[in-house]
$ cat structure_6.cif   # mmCIF, C-alpha atoms and all ligand atoms
data_structure
loop_
_atom_site.label_atom_id
_atom_site.label_comp_id
_atom_site.auth_asym_id
_atom_site.auth_seq_id
_atom_site.Cartn_x
_atom_site.Cartn_y
_atom_site.Cartn_z
CA MET A 1 118.03 51.95 96.86
CA SER A 2 118.01 48.21 97.53
CA ASP A 3 116.46 45.76 95.08
CA THR A 4 113.65 44.81 97.36
CA ALA A 5 112.73 48.16 98.87
CA SER A 6 110.04 49.07 96.37
CA ASP A 7 108.40 45.64 96.53
CA GLU A 8 107.86 45.58 100.23
CA PRO A 9 104.62 46.98 101.63
CA PRO A 10 105.18 49.84 104.06
CA ASP A 11 105.58 48.57 107.57
CA GLU A 12 102.29 49.23 109.33
CA GLU A 13 103.87 50.27 112.61
CA GLU A 14 106.48 52.40 110.88
CA SER A 15 104.07 54.40 108.74
CA HIS A 16 101.85 55.30 111.68
CA ASP A 17 104.66 56.05 114.07
CA ASP A 18 104.68 59.64 115.30
CA SER A 19 108.17 59.28 116.75
CA PHE A 20 110.72 61.93 115.89
CA THR A 21 113.76 60.19 114.44
CA TYR A 22 117.25 61.42 113.69
CA ASN A 23 120.43 59.60 112.86
CA GLY A 24 121.06 57.54 115.94
CA GLY A 25 117.93 58.21 117.89
CA ARG A 26 114.19 58.32 118.27
CA VAL A 27 111.89 60.30 120.53
CA ALA A 28 108.46 58.69 120.92
CA PRO A 29 105.17 60.55 121.47
CA GLY A 30 104.87 61.74 125.08
CA GLU A 31 108.64 61.74 125.51
CA SER A 32 111.30 64.41 125.42
CA ALA A 33 115.06 64.16 125.15
CA ASN A 34 118.08 66.37 125.73
CA ILE A 35 120.62 65.39 123.13
CA ARG A 36 124.21 66.44 122.50
CA TYR A 37 124.57 65.71 118.81
CA GLY A 38 128.00 65.53 117.14
CA ILE A 39 128.36 67.65 114.01
CA SER A 40 132.16 67.91 113.74
CA GLU A 41 135.44 67.33 115.57
CA THR A 42 138.00 69.68 117.13
CA TYR A 43 141.80 69.74 116.55
CA LEU A 44 142.04 67.40 119.51
CA GLY A 45 139.69 64.96 117.89
CA ASP A 46 136.96 65.66 120.43
CA PRO A 47 133.40 65.88 119.19
CA VAL A 48 131.79 69.25 118.47
CA ARG A 49 128.26 68.67 119.70
CA ILE A 50 125.20 70.89 119.48
CA PRO A 51 122.56 70.83 122.21
CA VAL A 52 119.16 69.68 120.97
CA THR A 53 115.95 69.23 122.94
CA VAL A 54 113.20 67.28 121.22
CA ILE A 55 109.78 67.41 122.84
CA ASN A 56 107.31 65.03 121.25
CA GLY A 57 103.79 65.80 122.48
CA GLU A 58 101.35 63.12 123.49
CA HIS A 59 99.03 64.29 120.73
CA PRO A 60 99.89 64.28 117.03
CA GLY A 61 100.53 67.55 115.22
CA PRO A 62 103.14 69.49 113.24
CA THR A 63 106.87 69.40 113.93
CA VAL A 64 108.42 72.83 114.52
CA PHE A 65 112.08 73.77 114.84
CA LEU A 66 113.28 76.73 116.91
CA SER A 67 116.93 77.58 116.37
CA ALA A 68 119.35 80.25 117.58
CA ALA A 69 122.99 81.34 117.55
CA ALA A 70 123.76 80.34 113.97
CA HIS A 71 125.86 83.44 114.57
CA GLY A 72 127.74 82.55 117.72
CA ASP A 73 127.47 85.89 119.52
CA GLU A 74 123.73 86.44 118.96
CA LEU A 75 122.41 85.41 122.32
CA ASN A 76 118.81 86.64 122.76
CA GLY A 77 117.36 83.73 120.78
CA ILE A 78 119.20 81.19 122.91
CA GLU A 79 117.10 82.18 125.91
CA VAL A 80 113.89 82.18 123.85
CA VAL A 81 114.55 78.61 122.70
CA ARG A 82 115.63 77.43 126.17
CA GLU A 83 112.56 78.86 127.86
CA VAL A 84 110.23 77.23 125.37
CA ALA A 85 112.06 73.92 125.77
CA HIS A 86 112.41 73.83 129.54
CA ASP A 87 109.95 76.23 131.17
CA TRP A 88 106.77 75.67 129.19
CA ASP A 89 104.07 73.13 129.95
CA HIS A 90 104.24 70.54 127.17
CA SER A 91 101.37 68.34 128.37
CA ILE A 92 99.09 70.34 126.03
CA LEU A 93 101.39 70.00 123.01
CA HIS A 94 99.94 68.67 119.78
CA GLY A 95 103.03 67.91 117.72
CA THR A 96 106.76 68.10 118.23
CA LEU A 97 109.23 70.86 119.07
CA VAL A 98 112.84 70.57 117.94
CA CYS A 99 114.78 73.11 120.01
CA LEU A 100 118.26 74.05 118.82
CA PRO A 101 119.49 76.84 121.13
CA VAL A 102 123.10 76.97 119.87
CA LEU A 103 123.73 76.00 116.24
CA ASN A 104 127.20 77.51 115.91
CA VAL A 105 128.96 75.94 118.88
CA PRO A 106 132.55 76.94 117.89
CA GLY A 107 131.40 80.55 117.35
CA PHE A 108 129.48 80.52 120.61
CA LEU A 109 132.53 79.30 122.55
CA ALA A 110 134.63 82.07 121.00
CA GLN A 111 131.74 84.60 121.36
CA GLN A 112 132.00 85.58 117.74
CA ARG A 113 129.65 85.67 114.78
CA TYR A 114 131.41 83.33 112.40
CA LEU A 115 132.88 79.88 112.72
CA PRO A 116 136.45 80.47 113.95
CA ILE A 117 139.62 79.83 111.93
CA TYR A 118 138.33 80.50 108.41
CA ASP A 119 135.61 82.95 109.46
CA ARG A 120 133.01 80.96 107.63
CA ASP A 121 129.40 81.99 108.03
CA LEU A 122 127.32 79.00 109.16
CA ASN A 123 124.23 80.96 108.11
CA ARG A 124 125.42 80.98 104.48
CA SER A 125 126.30 77.27 104.50
CA PHE A 126 122.89 75.60 104.51
CA PRO A 127 121.70 73.08 103.42
CA GLY A 128 125.34 71.97 103.60
CA ARG A 129 127.10 69.06 101.97
CA GLU A 130 129.07 66.00 103.04
CA GLY A 131 132.60 65.81 101.63
CA SER A 132 132.85 69.62 101.50
CA THR A 133 134.17 72.34 103.84
CA SER A 134 133.92 72.06 107.61
CA ALA A 135 131.08 74.62 107.63
CA ASN A 136 129.17 72.73 104.95
CA ARG A 137 129.56 69.45 106.78
CA MET A 138 128.28 70.93 110.04
CA ALA A 139 125.37 72.56 108.23
CA HIS A 140 124.56 69.27 106.52
CA ARG A 141 124.43 67.33 109.80
CA ILE A 142 122.16 69.94 111.34
CA PHE A 143 119.95 70.25 108.27
CA THR A 144 119.34 66.58 107.51
CA ASN A 145 118.76 65.51 111.10
CA PHE A 146 116.84 68.38 112.65
CA ILE A 147 115.54 70.76 109.97
CA GLU A 148 114.29 68.59 107.10
CA PRO A 149 112.05 66.43 109.32
CA CYS A 150 110.14 69.56 110.40
CA ASP A 151 107.01 71.17 109.00
CA LEU A 152 108.00 74.74 109.79
CA GLY A 153 110.57 76.67 111.79
CA ILE A 154 111.87 79.91 113.28
CA ASP A 155 115.54 80.95 113.32
CA PHE A 156 116.47 83.64 115.87
CA HIS A 157 119.10 86.30 115.26
CA THR A 158 120.17 89.71 116.54
CA SER A 159 121.77 92.66 114.87
CA THR A 160 125.49 92.51 114.15
CA ARG A 161 127.81 93.54 116.98
CA GLY A 162 127.79 97.31 117.53
CA ARG A 163 124.22 97.74 116.28
CA THR A 164 120.76 96.93 117.55
CA ASN A 165 117.39 96.37 115.92
CA MET A 166 113.70 96.22 116.73
CA LEU A 167 112.19 92.83 117.00
CA HIS A 168 111.08 92.05 113.44
CA VAL A 169 110.46 89.12 111.14
CA ARG A 170 112.18 88.47 107.82
CA ALA A 171 110.23 86.20 105.54
CA ASN A 172 109.51 85.33 101.93
CA MET A 173 105.96 86.69 101.87
CA ASP A 174 105.38 85.33 98.33
CA ARG A 175 105.06 81.86 99.84
CA PRO A 176 101.66 81.40 101.50
CA GLN A 177 102.84 79.12 104.31
CA VAL A 178 105.82 81.36 105.10
CA SER A 179 103.54 84.39 105.06
CA ARG A 180 101.11 82.63 107.41
CA LEU A 181 103.99 81.84 109.76
CA ALA A 182 105.37 85.39 109.58
CA ASN A 183 101.98 86.93 110.34
CA ALA A 184 101.38 84.49 113.19
CA PHE A 185 104.60 85.55 114.91
CA SER A 186 102.83 88.85 115.65
CA SER A 187 105.66 91.34 115.18
CA ASN A 188 104.92 94.93 114.19
CA VAL A 189 107.40 94.85 111.33
CA ILE A 190 107.92 92.21 108.66
CA ILE A 191 110.66 92.70 106.08
CA ALA A 192 109.75 90.72 102.98
CA GLY A 193 112.32 88.89 100.89
CA GLU A 194 113.60 85.40 100.24
CA GLY A 195 116.91 86.01 102.05
CA PRO A 196 120.48 85.34 100.92
CA ASP A 197 121.62 81.97 99.55
CA GLY A 198 122.64 79.54 102.26
CA THR A 199 120.64 81.10 105.09
CA LEU A 200 118.77 78.58 107.20
CA ARG A 201 115.36 80.16 106.62
CA ARG A 202 115.75 80.37 102.83
CA GLU A 203 117.16 76.87 102.39
CA ALA A 204 114.64 75.32 104.79
CA THR A 205 111.84 77.03 102.88
CA GLU A 206 113.28 75.76 99.57
CA ALA A 207 113.39 72.26 101.05
CA GLY A 208 109.68 72.41 101.88
CA VAL A 209 109.99 73.56 105.50
CA PRO A 210 108.51 77.09 105.65
CA ALA A 211 110.79 79.16 107.85
CA ILE A 212 111.28 82.74 109.03
CA THR A 213 114.09 84.69 110.66
CA VAL A 214 113.37 86.73 113.77
CA GLU A 215 115.78 89.62 114.39
CA MET A 216 115.88 91.01 117.91
CA GLY A 217 118.19 93.46 119.62
CA GLU A 218 121.93 93.32 119.86
CA ALA A 219 124.66 90.70 120.11
CA HIS A 220 126.26 89.68 123.43
CA ARG A 221 123.15 90.45 125.49
CA PHE A 222 120.07 88.96 127.04
CA GLN A 223 117.39 91.65 126.54
CA ARG A 224 114.43 90.57 128.62
CA ASN A 225 111.77 92.76 126.96
CA LEU A 226 112.68 91.40 123.56
CA ILE A 227 112.90 87.83 124.82
CA ASN A 228 109.41 88.12 126.32
CA ARG A 229 108.00 89.51 123.10
CA ALA A 230 109.61 86.72 121.11
CA LEU A 231 108.07 84.18 123.50
CA THR A 232 104.67 85.75 122.79
CA GLY A 233 105.44 85.31 119.10
CA VAL A 234 106.31 81.64 119.52
CA ALA A 235 103.13 81.00 121.53
CA SER A 236 101.14 82.74 118.82
CA VAL A 237 102.72 80.57 116.10
CA LEU A 238 102.00 77.41 118.09
CA ALA A 239 98.37 78.52 118.37
CA GLU A 240 98.09 79.31 114.64
CA PHE A 241 99.44 75.90 113.59
CA GLY A 242 97.44 73.88 116.11
CA LEU A 243 100.22 72.85 118.50
CA HIS A 244 98.60 74.81 121.32
CA ARG A 245 94.87 74.43 120.70
CA GLU A 246 93.63 76.35 123.72
CA SER A 247 95.66 79.46 122.87
CA SER A 248 94.87 82.16 120.36
CA VAL A 249 96.92 84.07 117.84
CA TYR A 250 98.21 87.39 119.09
CA TRP A 251 97.58 90.61 117.16
CA PRO A 252 100.23 93.25 117.88
CA GLY A 253 97.98 96.27 117.25
CA TRP A 254 99.55 97.36 114.00
CA ARG A 255 101.75 95.80 111.36
CA THR A 256 103.77 96.97 108.43
CA VAL A 257 105.20 94.71 105.75
CA ILE A 258 108.26 96.30 104.16
CA ASP A 259 108.67 95.34 100.54
CA GLY A 260 110.78 96.92 97.81
CA THR A 261 113.73 99.24 98.09
CA ASP A 262 111.90 102.59 98.09
CA GLU A 263 110.36 102.03 101.50
CA LYS A 264 113.49 101.36 103.49
CA THR A 265 116.98 102.71 103.56
CA TRP A 266 120.17 102.39 105.50
CA LEU A 267 121.28 105.92 106.29
CA ARG A 268 125.06 105.98 106.00
CA ALA A 269 127.59 108.39 107.44
CA ASP A 270 129.12 110.83 104.96
CA ALA A 271 131.80 111.81 107.46
CA GLY A 272 133.99 109.89 109.84
CA GLY A 273 133.72 110.75 113.49
CA ILE A 274 131.92 110.26 116.75
CA VAL A 275 128.16 109.91 116.62
CA ASP A 276 125.65 111.52 118.96
CA MET A 277 122.50 109.51 118.23
CA LYS A 278 119.28 111.36 119.03
CA SER A 279 116.91 108.49 118.20
CA GLY A 280 116.74 104.92 119.35
CA ARG A 281 115.58 101.55 118.12
CA GLY A 282 111.85 101.62 117.48
CA ASP A 283 111.59 105.41 117.41
CA LEU A 284 109.34 107.20 114.96
CA VAL A 285 111.14 110.11 113.26
CA HIS A 286 109.57 112.78 111.09
CA GLU A 287 110.93 114.09 107.81
CA GLY A 288 113.63 116.66 108.49
CA GLU A 289 114.07 115.63 112.12
CA VAL A 290 117.69 115.37 113.27
CA ILE A 291 118.56 111.71 113.78
CA CYS A 292 122.16 112.24 114.86
CA THR A 293 125.21 114.45 114.61
CA ILE A 294 128.75 113.42 113.74
CA THR A 295 131.63 115.38 115.25
CA ASN A 296 135.41 115.25 115.39
CA PRO A 297 137.28 114.89 118.71
CA PHE A 298 137.32 118.69 119.22
CA LYS A 299 133.57 119.15 118.65
CA GLU A 300 134.43 122.02 116.33
CA LYS A 301 131.22 123.72 115.29
CA ASP A 302 132.21 124.08 111.64
CA ASP A 303 132.78 120.36 111.37
CA ILE A 304 129.53 119.13 112.89
CA VAL A 305 127.62 116.99 110.40
CA THR A 306 123.89 116.81 110.98
CA VAL A 307 121.92 113.81 109.68
CA GLU A 308 118.21 114.37 109.11
CA ALA A 309 115.44 111.89 108.35
CA PRO A 310 114.84 111.94 104.57
CA PHE A 311 111.24 110.81 105.17
CA THR A 312 108.93 110.07 108.08
CA GLY A 313 109.56 106.54 109.24
CA LEU A 314 110.44 104.00 111.86
CA ILE A 315 113.98 103.31 113.04
CA VAL A 316 114.17 99.52 112.79
CA GLY A 317 117.92 99.22 113.29
CA VAL A 318 120.46 101.62 114.72
CA LEU A 319 124.15 101.97 115.51
CA GLU A 320 125.13 101.32 119.14
CA ASN A 321 128.89 101.71 118.99
CA PRO A 322 129.04 105.47 118.30
CA VAL A 323 131.94 105.68 115.86
CA VAL A 324 131.86 105.71 112.07
CA TYR A 325 133.94 105.81 108.95
CA PRO A 326 132.28 107.44 105.95
CA GLY A 327 129.96 104.81 104.52
CA ASN A 328 129.22 103.05 107.79
CA PRO A 329 125.52 102.53 108.54
CA LEU A 330 123.87 104.85 111.06
CA CYS A 331 120.33 103.54 111.08
CA HIS A 332 117.81 101.48 109.16
CA LEU A 333 114.79 103.63 108.45
CA VAL A 334 111.53 102.30 106.99
CA ARG A 335 108.65 104.33 105.61
CA LEU A 336 105.21 103.70 107.07
CA SER A 337 101.84 103.98 105.39
CA GLU A 338 99.44 106.66 106.67
CA ASP A 339 97.27 104.00 108.32
CA THR A 340 100.21 102.42 110.10
CA LEU A 341 101.48 105.82 111.17
CA THR A 342 98.08 106.63 112.65
CA ALA A 343 97.89 103.32 114.49
CA LEU A 344 101.41 103.73 115.82
CA GLU A 345 100.83 107.30 116.98
CA ARG A 346 97.60 106.22 118.66
CA GLU A 347 99.47 103.45 120.46
CA ARG A 348 102.09 105.92 121.63
CA GLY A 349 99.49 108.44 122.68
CA ASP A 350 97.99 105.81 124.95
CA GLY A 351 101.28 105.76 126.82
CA ASP A 352 101.16 101.99 127.01
CA GLY A 353 104.34 101.02 128.79
CA GLU A 354 104.06 97.49 127.46
CA GLY A 355 103.70 98.79 123.93
CA TYR A 356 105.40 96.79 121.27
CA ILE A 357 107.33 99.76 120.02
CA THR A 358 108.80 101.25 123.19
CA ASP A 359 111.36 98.53 123.61
CA VAL A 360 114.05 100.39 125.52
CA GLU A 361 115.76 98.19 128.06
ZN ZN B 401 122.59 86.55 112.78
#
$ encode --input "structure_6.cif" --output "structure tokens"
Amino acid sequence: MSDTASDEPPDEEESHDDSFTYNGGRVAPGESANIRYGISETYLGDPVRIPVTVINGEHPGPTVFLSAAAHGDELNGIEVVREVAHDWDHSILHGTLVCLPVLNVPGFLAQQRYLPIYDRDLNRSFPGREGSTSANRMAHRIFTNFIEPCDLGIDFHTSTRGRTNMLHVRANMDRPQVSRLANAFSSNVIIAGEGPDGTLRREATEAGVPAITVEMGEAHRFQRNLINRALTGVASVLAEFGLHRESSVYWPGWRTVIDGTDEKTWLRADAGGIVDMKSGRGDLVHEGEVICTITNPFKEKDDIVTVEAPFTGLIVGVLENPVVYPGNPLCHLVRLSEDTLTALERERGDGDGEGYITDVE
């Protein structure tokens, strides 16, 4: 800090300025900017730049980040963020949107989850640090310029390659503002927890920027149904926090918050082989129901392994690539309360094709 800084009165214009500022730039109210922001350099010395769109509404309000592809092959969120940034009407916006469609540019170019070369996980590197590893430096540039200035944020992911999952929110529900954000996103399923060290949503939350993760579908795909539902979630969040004042918060019909280890389980294969999955993402399975069978290449009857649901629940995540070693995950099953079960079965009984649970593409 300089000697004089504390003695000077705050600059009047500065303290009332609703511009969004980052290192090297400023976006004034009523303006938007497409920015390519350097966060690293390649072997050739060329800049590694992330695309950023900042939309500063004409009216004051909160600043919200929307980010995707921290894992470079998780594409659904990219389209969510791009549509919000470039297809929505922002004349009604109270506040600022910071849209970060591709955080992990090297991973995106290689179409892989991790940062190439050392296989570092950008989503375990936040808040990052100058003078540290390449991943930490990239994370630091992103975090200080585009995450810390925000009031809240949503980070979009998909399941890991070879698996798929229902659209659901992951959030630290012990924090009131995070819980408010998670509920506003209007997903059927919220998995509670603070998240691993170094994840964007956990570190942003720790830094005073309440944040959630949205998981949706599989890697390497644009899945339109899921993208549309995520867009509904974003609109609902913008309504809840006053950025879209004419809109209202969406209620998805039923919701379950999964907390504690007894209510959810990854069913794992006890045999290696080829999997015939009987249930899909978002399916309700009853206790004792066959979820899948595992067979060898000869389909020998004596060697067929049958996997049954240990309890009645919802399949939140499921294997897509139908091959397993013993110990590999088959599906992510969560138990539902009686009330939730009733609401879900009622929804299904209605045969609503737009239902939030029948998300088969
Ligand atoms: Zn991810």
$ closest_residue --input "structure_6.cif" --among "A:Gly25, A:Gly61, A:Gly153, A:Pro116" --to "Val237 in chain A" --atoms "only C-alpha atoms"
A:Gly153
$ residues_around --input "structure_6.cif" --residues "range 250-257 of chain A" --least-positions-apart "4" --cutoff "9 Å" --atoms "only C-alpha atoms" --output "JSON, numbers by chain"
{"A": [173, 183, 184, 185, 186, 187, 188, 189, 190, 191, 192, 232, 233, 235, 236, 237, 239, 336, 337, 340, 343, 344, 347, 355, 356]}
$ closest_residue --input "structure_6.cif" --among "A:Ala85, A:Val105, A:Val324, A:Ile291" --to "Met138 in chain A" --atoms "all atoms listed in the file"
A:Val105
$ closest_atom_pairs --input "structure_6.cif" --of "chain A" --to "ligand ZN 401 (chain B)" --cutoff "12 Å" --atoms "all atoms listed in the file" --output "tab-separated table"
residue	atom	partner	partner_atom	distance
A:Ser67	CA	B:ZN401	ZN	11.2
A:Ala68	CA	B:ZN401	ZN	8.6
A:Ala69	CA	B:ZN401	ZN	7.1
A:Ala70	CA	B:ZN401	ZN	6.4
A:His71	CA	B:ZN401	ZN	4.9
A:Gly72	CA	B:ZN401	ZN	8.2
A:Asp73	CA	B:ZN401	ZN	8.3
A:Glu74	CA	B:ZN401	ZN	6.3
A:Leu75	CA	B:ZN401	ZN	9.6
A:Asn76	CA	B:ZN401	ZN	10.7
A:Gly77	CA	B:ZN401	ZN	10.0
A:Ile78	CA	B:ZN401	ZN	12.0
A:Val102	CA	B:ZN401	ZN	11.9
A:Leu103	CA	B:ZN401	ZN	11.2
A:Asn104	CA	B:ZN401	ZN	10.6
A:Gly107	CA	B:ZN401	ZN	11.6
A:Gln112	CA	B:ZN401	ZN	10.7
A:Arg113	CA	B:ZN401	ZN	7.4
A:Tyr114	CA	B:ZN401	ZN	9.4
A:Asp121	CA	B:ZN401	ZN	9.5
A:Leu122	CA	B:ZN401	ZN	9.6
A:Asn123	CA	B:ZN401	ZN	7.5
A:Arg124	CA	B:ZN401	ZN	10.4
A:Asp155	CA	B:ZN401	ZN	9.0
A:Phe156	CA	B:ZN401	ZN	7.4
A:His157	CA	B:ZN401	ZN	4.3
A:Thr158	CA	B:ZN401	ZN	5.5
A:Ser159	CA	B:ZN401	ZN	6.5
A:Thr160	CA	B:ZN401	ZN	6.8
A:Arg161	CA	B:ZN401	ZN	9.7
A:Arg163	CA	B:ZN401	ZN	11.8
A:Thr164	CA	B:ZN401	ZN	11.6
A:Asn165	CA	B:ZN401	ZN	11.5
A:Arg170	CA	B:ZN401	ZN	11.7
A:Thr199	CA	B:ZN401	ZN	9.6
A:Leu200	CA	B:ZN401	ZN	10.5
A:Arg201	CA	B:ZN401	ZN	11.4
A:Thr213	CA	B:ZN401	ZN	9.0
A:Val214	CA	B:ZN401	ZN	9.3
A:Glu215	CA	B:ZN401	ZN	7.6
A:Met216	CA	B:ZN401	ZN	9.6
A:Gly217	CA	B:ZN401	ZN	10.7
A:Glu218	CA	B:ZN401	ZN	9.8
A:Ala219	CA	B:ZN401	ZN	8.7
A:His220	CA	B:ZN401	ZN	11.7
$ write_last_selection --input "structure_6.cif" --atoms "C-alpha atoms" --output "mmCIF file, in the coordinates of the input"
data_model
loop_
_atom_site.group_PDB
_atom_site.id
_atom_site.type_symbol
_atom_site.label_atom_id
_atom_site.label_comp_id
_atom_site.auth_asym_id
_atom_site.auth_seq_id
_atom_site.Cartn_x
_atom_site.Cartn_y
_atom_site.Cartn_z
ATOM 1 C CA SER A 67 116.930 77.580 116.370
ATOM 2 C CA ALA A 68 119.350 80.250 117.580
ATOM 3 C CA ALA A 69 122.990 81.340 117.550
ATOM 4 C CA ALA A 70 123.760 80.340 113.970
ATOM 5 C CA HIS A 71 125.860 83.440 114.570
ATOM 6 C CA GLY A 72 127.740 82.550 117.720
ATOM 7 C CA ASP A 73 127.470 85.890 119.520
ATOM 8 C CA GLU A 74 123.730 86.440 118.960
ATOM 9 C CA LEU A 75 122.410 85.410 122.320
ATOM 10 C CA ASN A 76 118.810 86.640 122.760
ATOM 11 C CA GLY A 77 117.360 83.730 120.780
ATOM 12 C CA ILE A 78 119.200 81.190 122.910
ATOM 13 C CA VAL A 102 123.100 76.970 119.870
ATOM 14 C CA LEU A 103 123.730 76.000 116.240
ATOM 15 C CA ASN A 104 127.200 77.510 115.910
ATOM 16 C CA GLY A 107 131.400 80.550 117.350
ATOM 17 C CA GLN A 112 132.000 85.580 117.740
ATOM 18 C CA ARG A 113 129.650 85.670 114.780
ATOM 19 C CA TYR A 114 131.410 83.330 112.400
ATOM 20 C CA ASP A 121 129.400 81.990 108.030
ATOM 21 C CA LEU A 122 127.320 79.000 109.160
ATOM 22 C CA ASN A 123 124.230 80.960 108.110
ATOM 23 C CA ARG A 124 125.420 80.980 104.480
ATOM 24 C CA ASP A 155 115.540 80.950 113.320
ATOM 25 C CA PHE A 156 116.470 83.640 115.870
ATOM 26 C CA HIS A 157 119.100 86.300 115.260
ATOM 27 C CA THR A 158 120.170 89.710 116.540
ATOM 28 C CA SER A 159 121.770 92.660 114.870
ATOM 29 C CA THR A 160 125.490 92.510 114.150
ATOM 30 C CA ARG A 161 127.810 93.540 116.980
ATOM 31 C CA ARG A 163 124.220 97.740 116.280
ATOM 32 C CA THR A 164 120.760 96.930 117.550
ATOM 33 C CA ASN A 165 117.390 96.370 115.920
ATOM 34 C CA ARG A 170 112.180 88.470 107.820
ATOM 35 C CA THR A 199 120.640 81.100 105.090
ATOM 36 C CA LEU A 200 118.770 78.580 107.200
ATOM 37 C CA ARG A 201 115.360 80.160 106.620
ATOM 38 C CA THR A 213 114.090 84.690 110.660
ATOM 39 C CA VAL A 214 113.370 86.730 113.770
ATOM 40 C CA GLU A 215 115.780 89.620 114.390
ATOM 41 C CA MET A 216 115.880 91.010 117.910
ATOM 42 C CA GLY A 217 118.190 93.460 119.620
ATOM 43 C CA GLU A 218 121.930 93.320 119.860
ATOM 44 C CA ALA A 219 124.660 90.700 120.110
ATOM 45 C CA HIS A 220 126.260 89.680 123.430
#
$ residues_near_point --input "structure_6.cif" --point "(99.4, 72.4, 116.6)" --cutoff "8 Å" --atoms "only C-alpha atoms" --output "PyMOL selection string"
chain A and resi 61-62+93-95+238-245
$ atom_distance --input "structure_6.cif" --atom1 "CA of Gly128 in chain A" --atom2 "CA of Ile50 in chain A"
15.9 Å
$ closest_residue --input "structure_6.cif" --among "A:Arg348, A:Lys299, A:Arg281, A:Arg129" --to "Leu333 in chain A" --atoms "all atoms listed in the file"
A:Arg281
$ closest_residue --input "structure_6.cif" --among "A:Val64, A:Met166, A:Leu314, A:Val178" --to "Ile227 in chain A" --atoms "all atoms listed in the file"
A:Met166
$ residues_around --input "structure_6.cif" --residues "Ser91 in chain A" --least-positions-apart "2" --cutoff "8 Å" --atoms "all atoms listed in the file" --output "count of residues only"
4
$ atom_distance --input "structure_6.cif" --atom1 "CA of Pro127 in chain A" --atom2 "CA of Val48 in chain A"
18.5 Å
$ closest_residue --input "structure_6.cif" --among "A:Gly162, A:Ser248, A:Val305, A:Asp276" --to "Asn321 in chain A" --atoms "only C-alpha atoms"
A:Gly162
$ build_atoms --input "structure_6.cif" --residues "range 264-276 of chain A" --atoms "N, CA and C atoms" --output "PDB file, in the frame of the given file"
ATOM      1  N   LYS A 264     112.530 101.490 102.394  1.00  0.00           N
ATOM      2  CA  LYS A 264     113.490 101.360 103.490  1.00  0.00           C
ATOM      3  C   LYS A 264     114.863 101.785 103.015  1.00  0.00           C
ATOM      4  N   THR A 265     115.634 102.301 103.932  1.00  0.00           N
ATOM      5  CA  THR A 265     116.980 102.710 103.560  1.00  0.00           C
ATOM      6  C   THR A 265     117.894 102.633 104.758  1.00  0.00           C
ATOM      7  N   TRP A 266     119.131 102.241 104.491  1.00  0.00           N
ATOM      8  CA  TRP A 266     120.170 102.390 105.500  1.00  0.00           C
ATOM      9  C   TRP A 266     120.756 103.777 105.335  1.00  0.00           C
ATOM     10  N   LEU A 267     120.612 104.631 106.334  1.00  0.00           N
ATOM     11  CA  LEU A 267     121.280 105.920 106.290  1.00  0.00           C
ATOM     12  C   LEU A 267     122.744 105.691 106.642  1.00  0.00           C
ATOM     13  N   ARG A 268     123.624 106.192 105.776  1.00  0.00           N
ATOM     14  CA  ARG A 268     125.060 105.980 106.000  1.00  0.00           C
ATOM     15  C   ARG A 268     125.755 107.288 106.311  1.00  0.00           C
ATOM     16  N   ALA A 269     126.813 107.197 107.079  1.00  0.00           N
ATOM     17  CA  ALA A 269     127.590 108.390 107.440  1.00  0.00           C
ATOM     18  C   ALA A 269     128.323 108.899 106.209  1.00  0.00           C
ATOM     19  N   ASP A 270     128.313 110.222 106.020  1.00  0.00           N
ATOM     20  CA  ASP A 270     129.120 110.830 104.960  1.00  0.00           C
ATOM     21  C   ASP A 270     130.404 111.430 105.520  1.00  0.00           C
ATOM     22  N   ALA A 271     130.572 111.334 106.832  1.00  0.00           N
ATOM     23  CA  ALA A 271     131.800 111.810 107.460  1.00  0.00           C
ATOM     24  C   ALA A 271     132.226 110.802 108.512  1.00  0.00           C
ATOM     25  N   GLY A 272     133.513 110.715 108.730  1.00  0.00           N
ATOM     26  CA  GLY A 272     133.990 109.890 109.840  1.00  0.00           C
ATOM     27  C   GLY A 272     133.890 110.698 111.122  1.00  0.00           C
ATOM     28  N   GLY A 273     133.752 110.016 112.234  1.00  0.00           N
ATOM     29  CA  GLY A 273     133.720 110.750 113.490  1.00  0.00           C
ATOM     30  C   GLY A 273     132.980 110.014 114.583  1.00  0.00           C
ATOM     31  N   ILE A 274     132.585 110.793 115.565  1.00  0.00           N
ATOM     32  CA  ILE A 274     131.920 110.260 116.750  1.00  0.00           C
ATOM     33  C   ILE A 274     130.450 110.673 116.689  1.00  0.00           C
ATOM     34  N   VAL A 275     129.576 109.710 116.903  1.00  0.00           N
ATOM     35  CA  VAL A 275     128.160 109.910 116.620  1.00  0.00           C
ATOM     36  C   VAL A 275     127.391 110.198 117.915  1.00  0.00           C
ATOM     37  N   ASP A 276     126.582 111.263 117.868  1.00  0.00           N
ATOM     38  CA  ASP A 276     125.650 111.520 118.960  1.00  0.00           C
ATOM     39  C   ASP A 276     124.254 111.186 118.423  1.00  0.00           C
TER      40      ASP A 276
END
